[in-house]
>>> print(open('entry-v3.txt').read())   # compact mmCIF, N, CA and C atoms
# COMPACT_ATOMS: atom_id res chain seq x y z
N MET A 1 137.78 -9.58 128.08
CA MET A 1 137.26 -8.26 128.37
C MET A 1 137.91 -7.29 127.40
N GLY A 2 137.12 -6.43 126.83
CA GLY A 2 137.62 -5.48 125.85
C GLY A 2 138.38 -4.33 126.47
N PRO A 3 138.99 -3.50 125.61
CA PRO A 3 139.79 -2.38 126.10
C PRO A 3 138.97 -1.35 126.88
N ALA A 4 137.68 -1.23 126.61
CA ALA A 4 136.86 -0.25 127.33
C ALA A 4 136.81 -0.56 128.82
N ALA A 5 136.80 -1.82 129.16
CA ALA A 5 136.74 -2.21 130.56
C ALA A 5 138.04 -1.90 131.29
N ARG A 6 139.13 -1.87 130.56
CA ARG A 6 140.42 -1.65 131.18
C ARG A 6 140.95 -0.24 130.97
N GLY A 7 140.45 0.46 129.96
CA GLY A 7 141.01 1.75 129.59
C GLY A 7 140.68 2.86 130.59
N PRO A 8 141.68 3.52 131.12
CA PRO A 8 141.43 4.58 132.09
C PRO A 8 140.75 5.81 131.49
N HIS A 9 140.74 5.89 130.18
CA HIS A 9 140.14 7.06 129.53
C HIS A 9 138.74 6.78 128.99
N THR A 10 138.20 5.62 129.30
CA THR A 10 136.84 5.29 128.87
C THR A 10 135.87 6.25 129.55
N ALA A 11 134.98 6.81 128.78
CA ALA A 11 134.02 7.80 129.30
C ALA A 11 133.13 7.19 130.38
N PRO A 12 132.81 7.97 131.42
CA PRO A 12 131.95 7.47 132.48
C PRO A 12 130.62 6.91 131.98
N ALA A 13 130.02 7.53 130.96
CA ALA A 13 128.74 7.03 130.43
C ALA A 13 128.91 5.63 129.83
N ALA A 14 130.02 5.40 129.14
CA ALA A 14 130.27 4.08 128.55
C ALA A 14 130.52 3.05 129.65
N VAL A 15 131.25 3.44 130.68
CA VAL A 15 131.51 2.53 131.79
C VAL A 15 130.20 2.16 132.49
N ALA A 16 129.34 3.17 132.72
CA ALA A 16 128.04 2.92 133.37
C ALA A 16 127.18 1.97 132.54
N ARG A 17 127.19 2.17 131.22
CA ARG A 17 126.40 1.30 130.33
C ARG A 17 126.93 -0.13 130.37
N LEU A 18 128.24 -0.28 130.31
CA LEU A 18 128.83 -1.62 130.34
C LEU A 18 128.62 -2.29 131.71
N ALA A 19 128.51 -1.50 132.77
CA ALA A 19 128.29 -2.05 134.12
C ALA A 19 126.87 -2.57 134.30
N ARG A 20 126.05 -2.45 133.26
CA ARG A 20 124.69 -3.02 133.28
C ARG A 20 124.60 -4.26 132.38
N ASP A 21 125.73 -4.72 131.88
CA ASP A 21 125.75 -5.88 131.00
C ASP A 21 125.15 -7.09 131.72
N PRO A 22 124.41 -7.94 131.00
CA PRO A 22 123.81 -9.12 131.64
C PRO A 22 124.84 -10.14 132.14
N ASP A 23 126.05 -10.10 131.60
CA ASP A 23 127.09 -11.04 132.01
C ASP A 23 127.71 -10.56 133.34
N PRO A 24 127.59 -11.36 134.41
CA PRO A 24 128.12 -10.95 135.71
C PRO A 24 129.61 -10.65 135.70
N SER A 25 130.38 -11.36 134.86
CA SER A 25 131.82 -11.10 134.83
C SER A 25 132.13 -9.73 134.24
N VAL A 26 131.32 -9.30 133.28
CA VAL A 26 131.49 -7.97 132.70
C VAL A 26 131.16 -6.91 133.75
N ARG A 27 130.02 -7.10 134.44
CA ARG A 27 129.64 -6.14 135.49
C ARG A 27 130.71 -6.07 136.57
N ALA A 28 131.23 -7.21 136.97
CA ALA A 28 132.26 -7.23 138.02
C ALA A 28 133.51 -6.49 137.57
N ALA A 29 133.91 -6.68 136.32
CA ALA A 29 135.10 -6.00 135.81
C ALA A 29 134.89 -4.49 135.78
N LEU A 30 133.73 -4.05 135.37
CA LEU A 30 133.46 -2.61 135.29
C LEU A 30 133.25 -1.99 136.66
N THR A 31 132.88 -2.79 137.62
CA THR A 31 132.68 -2.29 138.97
C THR A 31 133.98 -1.76 139.56
N ARG A 32 135.10 -2.25 139.06
CA ARG A 32 136.41 -1.80 139.52
C ARG A 32 136.89 -0.52 138.82
N HIS A 33 136.22 -0.14 137.75
CA HIS A 33 136.70 0.96 136.91
C HIS A 33 136.63 2.30 137.65
N PRO A 34 137.71 3.09 137.60
CA PRO A 34 137.72 4.37 138.31
C PRO A 34 136.75 5.40 137.74
N ASN A 35 136.30 5.23 136.50
CA ASN A 35 135.37 6.19 135.89
C ASN A 35 133.90 5.79 136.04
N LEU A 36 133.64 4.75 136.81
CA LEU A 36 132.25 4.35 137.02
C LEU A 36 131.55 5.44 137.82
N PRO A 37 130.46 6.01 137.30
CA PRO A 37 129.77 7.07 138.02
C PRO A 37 129.31 6.60 139.41
N GLN A 38 129.36 7.50 140.37
CA GLN A 38 129.00 7.17 141.75
C GLN A 38 127.60 6.58 141.86
N GLN A 39 126.66 7.09 141.08
CA GLN A 39 125.29 6.58 141.16
C GLN A 39 125.26 5.08 140.82
N ARG A 40 125.91 4.70 139.73
CA ARG A 40 125.92 3.28 139.33
C ARG A 40 126.73 2.46 140.33
N LEU A 41 127.82 3.00 140.82
CA LEU A 41 128.62 2.31 141.82
C LEU A 41 127.77 2.03 143.07
N ALA A 42 127.00 3.01 143.49
CA ALA A 42 126.13 2.83 144.66
C ALA A 42 125.05 1.79 144.37
N GLU A 43 124.53 1.76 143.15
CA GLU A 43 123.52 0.75 142.79
C GLU A 43 124.11 -0.66 142.86
N LEU A 44 125.36 -0.80 142.43
CA LEU A 44 126.01 -2.11 142.43
C LEU A 44 126.24 -2.62 143.85
N LEU A 45 126.26 -1.72 144.81
CA LEU A 45 126.44 -2.14 146.21
C LEU A 45 125.26 -2.98 146.69
N ASP A 46 124.14 -2.89 145.99
CA ASP A 46 122.94 -3.65 146.35
C ASP A 46 122.70 -4.86 145.46
N GLU A 47 123.69 -5.24 144.65
CA GLU A 47 123.49 -6.31 143.66
C GLU A 47 124.21 -7.61 143.99
N GLY A 48 124.24 -8.00 145.22
CA GLY A 48 124.84 -9.29 145.56
C GLY A 48 126.33 -9.33 145.32
N GLU A 49 126.79 -10.26 144.49
CA GLU A 49 128.22 -10.47 144.27
C GLU A 49 128.96 -9.23 143.79
N PRO A 50 128.43 -8.44 142.82
CA PRO A 50 129.17 -7.24 142.42
C PRO A 50 129.38 -6.26 143.57
N ALA A 51 128.59 -6.37 144.62
CA ALA A 51 128.72 -5.45 145.76
C ALA A 51 130.08 -5.57 146.41
N ARG A 52 130.61 -6.78 146.50
CA ARG A 52 131.94 -6.96 147.10
C ARG A 52 133.00 -6.23 146.32
N VAL A 53 132.91 -6.28 145.01
CA VAL A 53 133.88 -5.60 144.16
C VAL A 53 133.65 -4.10 144.22
N ALA A 54 132.39 -3.67 144.18
CA ALA A 54 132.06 -2.24 144.23
C ALA A 54 132.56 -1.62 145.52
N ALA A 55 132.45 -2.32 146.62
CA ALA A 55 132.89 -1.79 147.91
C ALA A 55 134.40 -1.58 147.93
N ALA A 56 135.13 -2.30 147.10
CA ALA A 56 136.58 -2.17 147.05
C ALA A 56 137.06 -1.12 146.06
N ASN A 57 136.14 -0.51 145.31
CA ASN A 57 136.53 0.51 144.33
C ASN A 57 137.07 1.73 145.07
N PRO A 58 138.32 2.13 144.81
CA PRO A 58 138.89 3.28 145.53
C PRO A 58 138.17 4.59 145.24
N ALA A 59 137.36 4.64 144.19
CA ALA A 59 136.61 5.86 143.86
C ALA A 59 135.30 5.97 144.63
N LEU A 60 134.97 4.96 145.45
CA LEU A 60 133.71 4.96 146.19
C LEU A 60 133.68 6.14 147.17
N ASP A 61 132.60 6.92 147.11
CA ASP A 61 132.43 8.05 148.02
C ASP A 61 132.33 7.56 149.46
N PRO A 62 132.69 8.40 150.42
CA PRO A 62 132.64 8.00 151.83
C PRO A 62 131.25 7.64 152.36
N GLU A 63 130.19 8.30 151.89
CA GLU A 63 128.85 8.03 152.43
C GLU A 63 128.41 6.60 152.20
N PRO A 64 128.47 6.06 150.98
CA PRO A 64 128.08 4.65 150.81
C PRO A 64 129.01 3.70 151.57
N MET A 65 130.30 4.07 151.66
CA MET A 65 131.23 3.23 152.40
C MET A 65 130.83 3.19 153.88
N HIS A 66 130.46 4.33 154.43
CA HIS A 66 130.02 4.40 155.83
C HIS A 66 128.77 3.54 156.03
N ARG A 67 127.85 3.61 155.06
CA ARG A 67 126.63 2.79 155.13
C ARG A 67 126.96 1.31 155.17
N LEU A 68 127.92 0.88 154.35
CA LEU A 68 128.31 -0.53 154.33
C LEU A 68 128.92 -0.96 155.66
N VAL A 69 129.77 -0.12 156.22
CA VAL A 69 130.41 -0.45 157.49
C VAL A 69 129.36 -0.52 158.59
N THR A 70 128.42 0.40 158.59
CA THR A 70 127.36 0.42 159.58
C THR A 70 126.49 -0.82 159.47
N MET A 71 126.11 -1.18 158.25
CA MET A 71 125.30 -2.37 158.03
C MET A 71 126.04 -3.62 158.49
N ARG A 72 127.31 -3.68 158.19
CA ARG A 72 128.13 -4.84 158.57
C ARG A 72 128.17 -4.97 160.09
N GLY A 73 128.34 -3.86 160.78
CA GLY A 73 128.39 -3.86 162.23
C GLY A 73 127.07 -4.29 162.86
N GLN A 74 125.96 -3.98 162.22
CA GLN A 74 124.65 -4.34 162.75
C GLN A 74 124.39 -5.83 162.61
N ARG A 75 125.00 -6.46 161.61
CA ARG A 75 124.78 -7.90 161.38
C ARG A 75 125.62 -8.75 162.32
N GLU A 76 126.66 -8.21 162.89
CA GLU A 76 127.55 -9.01 163.75
C GLU A 76 127.12 -8.99 165.17
>>> encode(input="entry-v3.txt", output="structure tokens")
Amino acid sequence: MGPAARGPHTAPAAVARLARDPDPSVRAALTRHPNLPQQRLAELLDEGEPARVAAANPALDPEPMHRLVTMRGQRE
């Protein structure tokens, strides 16, 4: 993984672009990035495996987090 995926100063637009990479490992790595724009982070919540990583991103807004918790409760 290149420095952009790990660099805390990587621009949000670059992080969002890299989070659309066809390689799932690249998407998963960028899903953890604190500069990932909320819109892309919310989109990743609906993408299967990256959703688990996206849900753990500390930058995730409360609304999508609440939606995940509510959905989880409905399935149990």
>>> axis_aligned_box(input="entry-v3.txt", around="stretch 47-58 of chain A", padding_each_side="8 Å", output="AutoDock Vina command-line options")
--center_x 131.2 --center_y -2.9 --center_z 145.2 --size_x 31.4 --size_y 31.1 --size_z 21.5
>>> closest_residue(input="entry-v3.txt", among="A:Val15, A:Glu43, A:Asp61, A:Gly48", to="A:Leu30", atoms="only N, CA and C atoms")
A:Val15
>>> atom_distance(input="entry-v3.txt", atom1="atom C of A:Leu41", atom2="atom N of A:Ala16")
10.5 Å
>>> residues_around(input="entry-v3.txt", residues="stretch 19-24 of chain A", least_positions_apart="6", cutoff="9 Å", atoms="only C-alpha atoms", output="list in words")
Leu30, Thr31, Leu36, Arg40, Leu41, Leu44, Glu49 and Pro50 of chain A
>>> atom_distance(input="entry-v3.txt", atom1="atom CA of A:Leu18", atom2="atom CA of A:His66")
26.2 Å
>>> atom_distance(input="entry-v3.txt", atom1="atom CA of A:Leu68", atom2="atom C of A:Ala42")
10.7 Å
>>> closest_residue(input="entry-v3.txt", among="A:Ala29, A:His9, A:Gln39, A:Arg67", to="A:Val53", atoms="all atoms listed in the file")
A:Ala29
>>> select_by_dssp(input="entry-v3.txt", residues="chain A", states="alpha helix (DSSP H)", output="number ranges by chain")
A: 3-6, 12-18, 24-31, 38-44, 49-55, 62-75
>>> closest_residue(input="entry-v3.txt", among="A:Pro12, A:Gly7, A:Pro34, A:Pro64", to="A:Ala51", atoms="only C-alpha atoms")
A:Pro64
